[in-house]
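Worksheet for the structure shown next.
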Amino acid sequence: MDVRSVVARIGVLDWIRGGLLLVGLLCVATGLLPAADARANIARIAPILLFLGTVIVLANLARQAKVFDVIATWVAIGGRGNYAALFGLCVVFASLTTTLLNLDTTAVLLTPVLLALAARADIAALPLAMTAIWLANTASLLLPVSNLTNLLAADRVALTAPEFAAHMALPQVASILATAVFLWACYWRRGARGRDRYVPPPRPTLDGPRERALFGISGAACLLFVVAIPFVGDAIGYASAGAALVVVVAFAVLDRRRLRPGLVPWQLLIFVTGLFLVVPTLSRYGLSDVMIALMGTDPGAAGAFRAAAAGAGLSNVLNNLPAYTAGEAVVPDGQVTTLLALLIGTNVGPIVTPWASLATLLCFEACRRHGLRVPALGFVLAGLGLAVVAVGAAVAALLVTA
């Protein structure tokens with residue numbers, strides 16, 4: 001294979017991810033990050049890497065088994081040509097996908113499915129795309145599996161999945177409601193979408209017993225994984241690996257040609273590993289002081305709002321993962337409300353700039369592949385308004401819960 005053609009297929013994001021890992025390894029090799037600290041960080045994220053890798057494999061194969069396509073098509077059919085009904089169904093669909101399978105699933109799999117559905121059913125594409133982009137972030141508060149940052153926070157404060165959900169249920173409702181209001185006002189109302197009705201697509205079909213078998217097994221594996229979430233605790237990575245293994249075996253028996261190395265999200269795993277070597281290094285050399293100055297040390301309500309604002313602001317300047325990890329490092333032990341407020345800022349807030357979260361970047365990439373242009377100025381202004389309202393409402397709801 002021509003080396004130049006291989007290099008040409010490597011995107012800008014791939015170079016950034018690889019460069020981040022290389023910088024992280026150099027930090028360890030030069031002693032800027034002590035080897036003991038590096039080992040501790042890698043040990044901490046190893047179960048998270050297992051979860052991220054296997055849940056994306058599960059979701060990728062479920063998409064190839066047409067699980068997401070069938071659900072999306074029935075959502076469009078359920079709207080019966082009425083945009084208001086379709087809006088409500090899409091908000092529920094995207095919220096559940098983000099909450100139960102994680103935000104990267106919404107970004108990587110649901111966004112292209114919705115865009116393809118828009119073309120088939122003559123549905124305005126931009127409202128569907130923005131629903132996926134925003135809810136991939138703002139619906140990622142409820143469960144530890146919903147977002148990588150949630151897994152880190154749940155580990156830090158030693159909360160089980162039900163306990164974490166009890167803390168974040170009201171903030172999640174507030175965030176989704178705010179998102180729904182902004183989605184309708186900015187993208188779904190008649191004046192914004194430009195159409196009165198859409199044409200419902202035909203009913204989905206599955207061709208042959210093999211396709212039906214893969215659809216049934218993949219759907220059942222996803223459902224079992226979701227049902228297991230409240231019970232598996234720290235073993236969430238093993239639960240997702242078990243569900244993925246079931247689907248991999250099914251494809252190995254029924255459609256082996258679909259199994260390929262590209263199913264594994266190598267780029268995401270490289271990015272996260274590099275991040276957890278670089279950010280701790282930066283924290284040792286001044287980043288922690290910056291975060292303390294931004295967040296303050298007030299353990300009360302004012303400190304919670306300040307932590308959330310700092311997390312959201314830094315996420316949109318850099319990215320939400322380094323923003324959370326840098327902020328978490330300076331939150332004192334025992335300040336659970338402050339830590340969860342920071343989490344709200346870094347989960348709900350990264351919707352102003354395209355690079356603010358990996359999910360947003362992936363959604364934009366899906367839009368680019370489908371030839372959909374998201375107006376930049378409108379995205380920034382609408383995202384800024386939603387970030388302020390949704391983060392503020394979610395933190396207020398957190399304080400009520402606390």
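Residue numbering restarts at 1 in every chain; chains get A, B, ... in the order shown in the structure tokens, and ligands count up from 1 in that same order.
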Spatial neighbours of segment 263-279 of chain A, max dist 7 Å, only C-alpha atoms, sep filter under 2 positions, as JSON, numbers by chain: {"A": [14, 17, 18, 20, 21, 23, 24, 38, 41, 49, 53, 56, 57, 60, 260, 261, 281, 282, 283, 322, 326]}
Write out as JSON lines a residue-level contact list of segment 43-129 of chain A versus segment 239-254 of chain A with cut-off 9 Å: for each qualifying residue the closest pair of atoms and the distance in Å to one decimal, counting only C-alpha atoms, rows sorted by chain and residue number upward.
```
{"residue": "A:Leu50", "atom": "CA", "partner": "A:Ala241", "partner_atom": "CA", "distance": 7.4}
{"residue": "A:Phe51", "atom": "CA", "partner": "A:Ser240", "partner_atom": "CA", "distance": 6.0}
{"residue": "A:Leu52", "atom": "CA", "partner": "A:Ser240", "partner_atom": "CA", "distance": 8.6}
{"residue": "A:Gly53", "atom": "CA", "partner": "A:Ala241", "partner_atom": "CA", "distance": 8.4}
{"residue": "A:Thr54", "atom": "CA", "partner": "A:Ala241", "partner_atom": "CA", "distance": 5.1}
{"residue": "A:Val55", "atom": "CA", "partner": "A:Ser240", "partner_atom": "CA", "distance": 5.4}
{"residue": "A:Ile56", "atom": "CA", "partner": "A:Ala244", "partner_atom": "CA", "distance": 8.7}
{"residue": "A:Val57", "atom": "CA", "partner": "A:Ala244", "partner_atom": "CA", "distance": 6.4}
{"residue": "A:Leu58", "atom": "CA", "partner": "A:Ala244", "partner_atom": "CA", "distance": 4.6}
{"residue": "A:Ala59", "atom": "CA", "partner": "A:Ala244", "partner_atom": "CA", "distance": 8.3}
{"residue": "A:Leu61", "atom": "CA", "partner": "A:Val247", "partner_atom": "CA", "distance": 7.1}
{"residue": "A:Ala62", "atom": "CA", "partner": "A:Val247", "partner_atom": "CA", "distance": 7.9}
```
Two-atom distance - atom CA of Cys90 of chain A, atom CA of Val113 of chain A (Å):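 Computing the Euclidean distance for atom CA of Cys90 of chain A and atom CA of Val113 of chain A yields 11.9 Å.
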Selection near Arg120 of chain A, 9 Å with only C-alpha atoms, sequence-local residues under 4 positions removed, as a VMD selection string: chain A and resid 115 to 116 201
Would you put the residues from that selection into a file with C-alpha atoms, as a PDB file, in the first residue's frame?
```
ATOM      1  CA  LEU A 115     -28.817  12.958   8.633  1.00  0.00           C
ATOM      2  CA  ALA A 116     -29.358   9.967   6.359  1.00  0.00           C
ATOM      3  CA  PRO A 201     -40.504   7.338   5.421  1.00  0.00           C
TER       4      PRO A 201
END
```
For Ser315 of chain A: contacts at 6 Å, only C-alpha atoms, fewer than 5 positions along chain excluded, given as a list in words: Asn320, Ala323, Pro350 and Ala356 of chain A
Find the nearest atom pair between each residue of segment 123-145 of chain A and segment 336-340 of chain A for residues within 12 Å, count only C-alpha atoms, give distances in Å to one decimal, sort rows by chain and ascending number, and present the table as CSV.
```
residue,atom,partner,partner_atom,distance
A:Leu141,CA,A:Leu340,CA,9.6
A:Leu142,CA,A:Leu340,CA,11.3
A:Pro144,CA,A:Leu340,CA,11.9
```
Leu159 of chain A surroundings by only C-alpha atoms, 12 Å radius, close-in-sequence under 2 positions cut, as a PyMOL selection string: chain A and resi 143-144+150-157+161-168+230+233-234+336+340
Distance criterion (only C-alpha atoms): nearest to Leu117 of chain A out of A:Ala359, A:Ile133, A:Val199, A:Leu100: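 Of A:Ala359, A:Ile133, A:Val199, A:Leu100, the one nearest Leu117 of chain A is A:Val199, counting only C-alpha atoms.
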Picked from segment 165-221 of chain A by DSSP as helix (DSSP H, G or I), as an MDAnalysis selection string: chainID A and resid 165:188 190:193 208:221
Distance in Å - atom CA of Thr346 of chain A versus atom CA of Tyr324 of chain A: 6.1 Å
Counting only C-alpha atoms, the residue of A:Gly303, A:Ala213, A:Ile344, A:Ile351 that sits nearest Pro171 of chain A: A:Ile344
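From atom CA of Gly311 of chain A back to atom CA of Leu25 of chain A, the distance works out to 26.1 Å.
Counting only C-alpha atoms, the residue from A:Ala304, A:Ala329, A:Leu287, A:Leu321 that sits nearest to Leu399 of chain A is A:Ala304.
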Closest of A:Ala396, A:Val389, A:Arg257, A:Ala293 to Ala341 of chain A - atom-to-atom distances counting only C-alpha atoms: A:Ala396
Nearby residues (only C-alpha atoms) at most 12 Å from Ala178 of chain A, same-chain spacing under 5 positions excluded, as a list in words: Val91, Trp134, Leu135, Thr138, Ala139, Pro171, Gln172, Val173, Leu183, Trp184, Ala185, Val348, Gly383, Gly385, Leu386, Ala387, Val388, Val389, Ala390, Val391, Gly392, Ala393 and Ala394 of chain A
Residue contacts of segment 361-368 of chain A (6 Å, only C-alpha atoms) excluding same-chain residues fewer than 3 positions away, as a PyMOL selection string: chain A and resi 107+112+133+354-355+358+371-372
All heavy atoms of the current selection, written as a tab-separated table (two decimals), in the first residue's frame:
```tsv
chain	number	residue	atom	x	y	z
A	107	ALA	N	-22.80	11.01	19.02
A	107	ALA	CA	-22.01	11.75	18.03
A	107	ALA	C	-21.61	10.88	16.85
A	107	ALA	O	-21.77	11.26	15.69
A	107	ALA	CB	-20.76	12.32	18.70
A	112	PRO	N	-25.05	10.58	12.05
A	112	PRO	CA	-25.17	10.19	10.65
A	112	PRO	C	-26.49	9.48	10.33
A	112	PRO	O	-27.02	9.61	9.22
A	112	PRO	CB	-23.97	9.26	10.42
A	112	PRO	CG	-23.40	8.97	11.74
A	112	PRO	CD	-23.83	10.03	12.68
A	133	ILE	N	-26.13	17.34	18.15
A	133	ILE	CA	-24.96	18.06	18.65
A	133	ILE	C	-25.19	18.55	20.08
A	133	ILE	O	-24.34	18.36	20.96
A	133	ILE	CB	-24.63	19.25	17.73
A	133	ILE	CG1	-24.11	18.75	16.38
A	133	ILE	CG2	-23.58	20.17	18.37
A	133	ILE	CD1	-23.95	19.85	15.33
A	354	PRO	N	-16.81	24.62	18.24
A	354	PRO	CA	-16.85	23.25	17.69
A	354	PRO	C	-15.89	22.29	18.34
A	354	PRO	O	-16.09	21.07	18.29
A	354	PRO	CB	-16.51	23.46	16.21
A	354	PRO	CG	-16.86	24.88	15.92
A	354	PRO	CD	-16.56	25.63	17.19
A	355	TRP	N	-14.80	22.80	18.94
A	355	TRP	CA	-13.78	21.92	19.54
A	355	TRP	C	-13.98	21.74	21.05
A	355	TRP	O	-13.17	21.10	21.69
A	355	TRP	CB	-12.39	22.52	19.29
A	355	TRP	CG	-12.24	23.91	19.85
A	355	TRP	CD1	-11.96	24.27	21.14
A	355	TRP	CD2	-12.41	25.13	19.13
A	355	TRP	NE1	-11.93	25.63	21.27
A	355	TRP	CE2	-12.21	26.20	20.05
A	355	TRP	CE3	-12.70	25.45	17.81
A	355	TRP	CZ2	-12.29	27.53	19.68
A	355	TRP	CZ3	-12.79	26.78	17.44
A	355	TRP	CH2	-12.58	27.80	18.36
A	358	LEU	N	-15.23	16.45	22.42
A	358	LEU	CA	-14.98	15.50	21.35
A	358	LEU	C	-16.28	15.15	20.63
A	358	LEU	O	-16.31	14.99	19.41
A	358	LEU	CB	-14.33	14.23	21.92
A	358	LEU	CG	-13.96	13.15	20.91
A	358	LEU	CD1	-12.96	13.67	19.89
A	358	LEU	CD2	-13.42	11.92	21.62
A	371	GLY	N	-22.43	16.83	3.75
A	371	GLY	CA	-22.60	18.06	3.00
A	371	GLY	C	-23.49	19.09	3.66
A	371	GLY	O	-24.02	19.98	2.99
A	372	LEU	N	-23.67	18.99	4.98
A	372	LEU	CA	-24.51	19.94	5.71
A	372	LEU	C	-23.62	21.00	6.35
A	372	LEU	O	-22.72	20.69	7.14
A	372	LEU	CB	-25.32	19.23	6.79
A	372	LEU	CG	-26.14	20.13	7.71
A	372	LEU	CD1	-27.23	20.87	6.92
A	372	LEU	CD2	-26.76	19.34	8.85
```
Each residue of segment 157-254 of chain A with at least one atom at most 7 Å from segment 64-86 of chain A should appear once, together with its nearest atom pair and the corresponding distance in Å (one decimal); atoms considered: only C-alpha atoms; ordering: chain, then increasing residue number; output as a Markdown table.
```
| residue | atom | partner | partner_atom | distance |
| --- | --- | --- | --- | --- |
| A:Arg197 | CA | A:Gly81 | CA | 5.2 |
| A:Tyr198 | CA | A:Gly81 | CA | 4.6 |
| A:Val199 | CA | A:Gly81 | CA | 5.5 |
| A:Pro200 | CA | A:Ile77 | CA | 5.1 |
| A:Pro201 | CA | A:Ile77 | CA | 6.3 |
| A:Pro204 | CA | A:Val70 | CA | 5.9 |
| A:Glu211 | CA | A:Ala65 | CA | 6.8 |
| A:Leu214 | CA | A:Ala65 | CA | 5.6 |
| A:Phe215 | CA | A:Ala65 | CA | 4.9 |
| A:Ser218 | CA | A:Ala65 | CA | 6.8 |
| A:Gly219 | CA | A:Val67 | CA | 6.2 |
```
Nearest residue to Ala124 of chain A from the set A:Leu314, A:Ala192, A:Cys27, A:Cys222 (distances using only C-alpha atoms):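 Of A:Leu314, A:Ala192, A:Cys27, A:Cys222, the one nearest Ala124 of chain A, counting only C-alpha atoms, is A:Ala192.
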